[in-house]
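A.B. asks: mmCIF, C-alpha atoms, file upload.cif:
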data_coords
loop_
_atom_site.label_atom_id
_atom_site.label_comp_id
_atom_site.auth_asym_id
_atom_site.auth_seq_id
_atom_site.Cartn_x
_atom_site.Cartn_y
_atom_site.Cartn_z
CA MET A 8 -70.04 63.04 66.25
CA SER A 9 -71.49 65.79 64.10
CA THR A 10 -75.09 66.89 64.35
CA LEU A 11 -75.70 65.66 60.81
CA LYS A 12 -74.52 62.16 61.64
CA ILE A 13 -76.64 62.08 64.81
CA ALA A 14 -79.71 63.11 62.80
CA ALA A 15 -78.95 60.45 60.21
CA TRP A 16 -78.71 57.73 62.89
CA ILE A 17 -81.99 58.87 64.46
CA LEU A 18 -83.73 58.79 61.06
CA PHE A 19 -82.29 55.34 60.34
CA ALA A 20 -83.57 54.04 63.71
CA ILE A 21 -87.05 55.46 63.12
CA VAL A 22 -87.26 53.91 59.65
CA GLY A 23 -86.04 50.56 60.99
CA ILE A 24 -88.64 50.54 63.76
CA ALA A 25 -91.37 51.43 61.27
CA VAL A 26 -90.34 48.55 58.99
CA ILE A 27 -90.36 46.07 61.91
CA VAL A 28 -93.81 47.21 63.04
CA ALA A 29 -95.15 47.02 59.48
CA PHE A 30 -93.99 43.42 59.08
CA SER A 31 -95.11 42.28 62.52
CA ALA A 32 -98.59 43.84 62.56
CA PRO A 33 -101.37 41.61 61.18
CA ASN A 34 -102.76 42.88 57.92
CA THR A 35 -106.46 42.09 58.06
CA ASP A 36 -107.07 43.97 54.82
CA THR A 37 -106.03 40.84 52.94
CA VAL A 38 -108.82 38.79 54.57
CA PRO A 39 -111.90 38.75 52.30
CA VAL A 40 -115.12 40.24 53.64
CA GLY A 41 -117.46 37.36 54.56
CA THR A 42 -114.67 35.17 55.98
CA VAL A 43 -115.67 33.26 59.14
CA ILE A 44 -113.05 32.24 61.71
CA ALA A 45 -113.02 30.90 65.27
CA TRP A 46 -112.23 33.53 67.93
CA ALA A 47 -110.73 32.22 71.18
CA GLY A 48 -111.22 35.47 73.12
CA GLU A 49 -114.23 37.00 74.81
CA SER A 50 -116.98 38.79 72.89
CA ASP A 51 -115.78 42.24 73.93
CA SER A 52 -112.32 41.65 72.42
CA VAL A 53 -113.47 40.92 68.84
CA PRO A 54 -111.30 42.96 66.42
CA ALA A 55 -112.58 45.97 64.52
CA ASP A 56 -114.34 45.16 61.23
CA TRP A 57 -115.44 41.78 62.61
CA MET A 58 -118.71 40.71 64.24
CA ILE A 59 -119.87 37.66 66.14
CA CYS A 60 -121.96 35.29 64.00
CA ASP A 61 -125.14 35.77 66.03
CA GLY A 62 -127.68 36.11 63.22
CA ARG A 63 -128.20 39.84 63.67
CA SER A 64 -129.93 41.85 60.95
CA LEU A 65 -127.87 44.46 59.07
CA LYS A 66 -128.67 47.14 56.51
CA LYS A 67 -127.65 46.26 52.98
CA ASN A 68 -126.46 49.76 52.10
CA LYS A 69 -124.34 50.10 55.27
CA TYR A 70 -122.59 46.74 54.72
CA ALA A 71 -122.70 46.61 50.94
CA GLY A 72 -119.44 44.65 50.65
CA LEU A 73 -120.63 41.97 53.05
CA TYR A 74 -124.02 41.76 51.36
CA ALA A 75 -122.28 41.33 48.00
CA ALA A 76 -120.34 38.42 49.53
CA ILE A 77 -123.04 36.48 51.39
CA GLY A 78 -126.33 37.91 50.10
CA GLN A 79 -129.43 36.62 51.88
CA ALA A 80 -128.15 33.06 52.32
CA TRP A 81 -128.64 33.40 56.08
CA GLY A 82 -131.94 35.28 55.91
CA GLY A 83 -133.21 38.72 55.10
CA GLY A 84 -135.65 40.74 53.09
CA GLY A 85 -136.29 44.30 51.96
CA ASN A 86 -133.25 46.43 52.74
CA ARG A 87 -131.84 44.08 55.38
CA PHE A 88 -129.95 40.78 55.56
CA ASN A 89 -128.77 38.48 58.35
CA LEU A 90 -125.36 37.44 59.57
CA PRO A 91 -124.78 33.71 59.99
CA ASP A 92 -126.13 32.45 63.31
CA LEU A 93 -123.51 29.96 64.49
CA ARG A 94 -124.25 30.15 68.22
CA GLY A 95 -124.17 26.64 69.67
CA ARG A 96 -123.73 25.11 66.21
CA PHE A 97 -121.06 23.08 64.49
CA ILE A 98 -120.30 24.10 60.91
CA ARG A 99 -120.40 21.64 58.02
CA GLY A 100 -119.20 21.89 54.46
CA VAL A 101 -121.86 22.08 51.76
CA ASP A 102 -122.28 18.54 50.40
CA GLY A 103 -122.09 19.61 46.76
CA ASN A 104 -123.28 16.19 45.53
CA ALA A 105 -120.43 14.43 47.35
CA GLY A 106 -122.94 12.16 49.07
CA ARG A 107 -121.56 12.71 52.58
CA ASP A 108 -124.69 14.47 53.84
CA PRO A 109 -127.53 11.97 53.31
CA ASP A 110 -130.07 14.58 54.45
CA ALA A 111 -128.75 17.39 52.24
CA ASP A 112 -132.26 17.96 50.89
CA ASP A 113 -133.84 18.02 54.34
CA ARG A 114 -132.52 21.29 55.72
CA ASP A 115 -134.08 24.54 56.95
CA ALA A 116 -133.43 28.26 56.59
CA ALA A 117 -131.42 29.80 59.43
CA ASN A 118 -133.73 32.84 59.31
CA GLN A 119 -136.75 33.82 57.28
CA GLY A 120 -135.78 34.47 53.68
CA GLY A 121 -132.60 32.38 53.89
CA ASN A 122 -131.52 29.34 51.90
CA THR A 123 -133.19 26.01 52.67
CA LYS A 124 -130.39 24.09 50.92
CA GLY A 125 -126.68 24.65 50.56
CA VAL A 126 -124.81 27.51 52.20
CA GLY A 127 -126.73 29.20 55.01
CA SER A 128 -129.11 26.30 55.63
CA VAL A 129 -129.18 24.47 58.96
CA GLN A 130 -130.09 21.03 60.33
CA ASN A 131 -131.48 19.99 63.68
CA ASP A 132 -129.75 17.30 65.75
CA SER A 133 -130.46 13.69 64.81
CA ILE A 134 -129.47 10.10 65.54
CA GLN A 135 -129.04 7.73 62.59
CA GLN A 136 -131.70 5.03 62.37
CA HIS A 137 -130.20 1.80 63.64
CA GLY A 138 -130.87 -1.42 65.53
CA HIS A 139 -129.17 -3.64 68.07
CA TYR A 140 -128.49 -7.28 67.23
CA GLN A 141 -129.57 -9.86 69.79
CA PRO A 142 -128.58 -13.50 69.25
CA PRO A 143 -131.05 -16.31 70.09
CA HIS A 144 -131.39 -16.45 73.86
CA SER A 145 -133.58 -17.81 76.64
CA HIS A 146 -135.41 -16.29 79.56
CA ARG A 147 -135.59 -18.19 82.85
CA ASP A 148 -138.09 -17.16 85.46
CA ARG A 149 -138.36 -18.79 88.89
CA TYR A 150 -141.32 -18.38 91.18
CA SER A 151 -140.93 -19.12 94.87
CA ASN A 152 -143.33 -21.33 96.84
CA HIS A 153 -146.72 -19.74 97.37
CA TYR A 154 -149.05 -20.74 100.16
CA LEU A 155 -152.66 -20.41 99.11
CA SER A 156 -155.61 -21.01 101.37
CA GLY A 157 -159.25 -21.10 100.58
CA ALA A 158 -162.55 -22.55 101.58
CA LEU A 159 -163.94 -25.73 100.05
CA GLY A 160 -167.39 -26.65 101.17
CA ALA A 161 -167.75 -26.41 104.91
CA GLY A 162 -164.07 -26.89 105.81
CA GLY A 163 -160.92 -24.86 105.31
CA THR A 164 -158.28 -26.31 102.97
CA SER A 165 -154.79 -25.12 102.09
CA PHE A 166 -152.83 -25.57 98.87
CA LEU A 167 -149.07 -25.39 98.29
CA TRP A 168 -147.77 -24.34 94.87
CA ASN A 169 -144.25 -25.67 94.41
CA ALA A 170 -141.43 -23.60 92.86
CA THR A 171 -141.43 -23.91 89.09
CA ASP A 172 -138.92 -22.91 86.40
CA TYR A 173 -140.20 -21.60 83.10
CA THR A 174 -137.73 -21.46 80.21
CA THR A 175 -138.43 -20.00 76.79
CA THR A 176 -136.10 -19.57 73.83
CA ASP A 177 -136.66 -16.65 71.47
CA SER A 178 -134.75 -15.72 68.35
CA VAL A 179 -134.62 -11.94 68.02
CA ALA A 180 -133.67 -10.78 64.53
CA PRO A 181 -131.63 -7.60 63.97
CA SER A 182 -133.51 -4.64 62.53
CA ILE A 183 -130.63 -3.67 60.21
CA LEU A 184 -127.93 -5.52 58.30
CA GLY A 185 -124.79 -6.11 60.30
CA VAL A 186 -124.19 -6.17 64.00
CA VAL A 187 -124.14 -3.21 66.36
CA LYS A 188 -121.82 -4.11 69.22
CA TYR A 189 -122.17 -2.32 72.48
CA LYS A 190 -121.11 -2.68 76.08
CA THR A 191 -122.90 -1.55 79.17
CA LYS A 192 -120.99 0.93 81.29
CA SER A 193 -121.93 2.31 84.64
CA ASP A 194 -120.55 5.75 83.75
CA ILE A 195 -122.58 6.36 80.57
CA LYS A 196 -123.13 10.10 80.24
CA LYS A 197 -126.67 11.27 79.59
CA GLY A 198 -127.75 14.63 78.22
CA GLU A 199 -130.27 16.46 76.10
CA GLU A 200 -128.42 15.77 72.81
CA THR A 201 -125.98 13.46 71.08
CA ARG A 202 -122.63 15.23 70.66
CA PRO A 203 -118.86 14.72 70.39
CA LYS A 204 -116.38 16.23 72.83
CA ASN A 205 -116.16 19.94 72.05
CA ALA A 206 -114.82 23.32 73.14
CA ASN A 207 -116.54 26.71 73.01
CA VAL A 208 -115.29 29.52 70.78
CA TYR A 209 -116.97 32.47 69.10
CA PHE A 210 -117.37 32.32 65.34
CA ILE A 211 -116.75 35.78 63.91
CA ILE A 212 -117.20 37.18 60.40
CA LYS A 213 -115.31 39.91 58.54
CA VAL A 214 -117.86 42.63 57.79
CA ASN A 215 -115.65 45.44 56.39
#
Is it possible to express this structure as structure tokens?
C.D. replies:
Amino acid sequence: MSTLKIAAWILFAIVGIAVIVAFSAPNTDTVPVGTVIAWAGESDSVPADWMICDGRSLKKNKYAGLYAAIGQAWGGGGNRFNLPDLRGRFIRGVDGNAGRDPDADDRDAANQGGNTKGVGSVQNDSIQQHGHYQPPHSHRDRYSNHYLSGALGAGGTSFLWNATDYTTTDSVAPSILGVVKYKTKSDIKKGEETRPKNANVYFIIKVN
């Protein structure tokens, strides 16, 4: 094979490899700045141009593109603004008058200077006000025999109080409309909050 043909085959192989790499490599340039995604790796493996959503304060002029995207929704002031702080938090879509967040007007700023409603605002944990229905029922109490002794006049006398059943019937009305059904389980889990089953990830944001 001539030297020219060998060179041509080498060039063809190099071009082919370059095309394969170009198509297989992720192109993060198409991801808009300000995008938040879940990262399943450790904090030290976060890709370049991304940061963990930990609420840190950044300079507006250094991250002008990110500031143009999210502004001070998550806090800020002067020449600085905050990243979203999603540590230990679930994320929730802005209600937008859909009526799915009944406490949409009772929210707080994530950091000073941030939004108190809509994007960037946060809510504390809560349990919906409710009641437990109890049908009419009775309580039965039984007291065992009691031997009582005491002094009457000059002589000692004893008294015997026979066992007695006391039965009362009370109608307990529900505190809300409808019936809340529940069962008692011996393996009820107790904690410091009400939560669904969950898994930990890092939320990261595109900053450049």
A.B. asks: Using all atoms listed in the file, which of A:Phe210, A:Asn68, A:Gly78, A:Thr42 sits nearest A:Asp92?
C.D. replies: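 The shortest atom-to-atom distance to A:Asp92 comes from A:Phe210.
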A.B. asks: Give me the residues near A:Asn86 as a list in words, where near means some atom within 12 Å (using only C-alpha atoms) and where sequence neighbours in that chain fewer than 5 positions away do not count.
C.D. replies: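 Neighbouring residues, sequence-local ones excluded: Ser64, Leu65, Lys66, Lys67, Asn68, Lys69, Tyr70, Ala71, Tyr74, Gly78 and Gln79 of chain A.
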A.B. asks: Go through A:Pro39, A:Gly84, A:Thr201, A:Arg107 and flag the residue nearest A:Asn131, using only C-alpha atoms for the distances.
C.D. replies: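 Closest to A:Asn131 of all the choices is A:Thr201.
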A.B. asks: Work out how far apart atom CA of A:Ile59 and atom CA of A:Ile211 are and give it in Å to one decimal.
C.D. replies: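 Atom CA of A:Ile59 sits 4.3 Å away from atom CA of A:Ile211.
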A.B. asks: Assuming the chain letters and numbering stay as they are in my file, what does the PyMOL selection byres ((chain A and resi 110-119) around 9) actually select? List them as a list of chain:residue names.
C.D. replies: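 For this structure, the PyMOL selection byres ((chain A and resi 110-119) around 9) captures A:Gly62, A:Ala80, A:Trp81, A:Gly82, A:Gly83, A:Gly84, A:Asn89, A:Pro91, A:Asp92, A:Val101, A:Asp102, A:Gly103, A:Asn104, A:Gly106, A:Arg107, A:Asp108, A:Pro109, A:Gly120, A:Gly121, A:Asn122, A:Thr123, A:Lys124, A:Gly125, A:Gly127, A:Ser128, A:Val129, A:Gln130, A:Asn131.
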A.B. asks: For the file shown, report as a list in words the outcome of the PyMOL selection byres ((chain A and resi 43-45) around 9) at residue level.
C.D. replies: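 Applied to this file, the PyMOL selection byres ((chain A and resi 43-45) around 9) returns Val40, Gly41, Thr42, Trp46, Ala47, Cys60, Val208, Tyr209, Phe210, Ile211, Ile212 and Lys213 of chain A.
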A.B. asks: Can you work out the spacing between atom CA of A:Gly48 and atom CA of A:Arg63 in Å, to one decimal?
C.D. replies: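 Distance between the two atoms: 19.9 Å.
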A.B. asks: In Å, with one decimal, what is the gap from atom CA of A:Ile77 to atom CA of A:Glu49?
C.D. replies: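 Atom-to-atom, atom CA of A:Ile77 to atom CA of A:Glu49, that is 25.0 Å.
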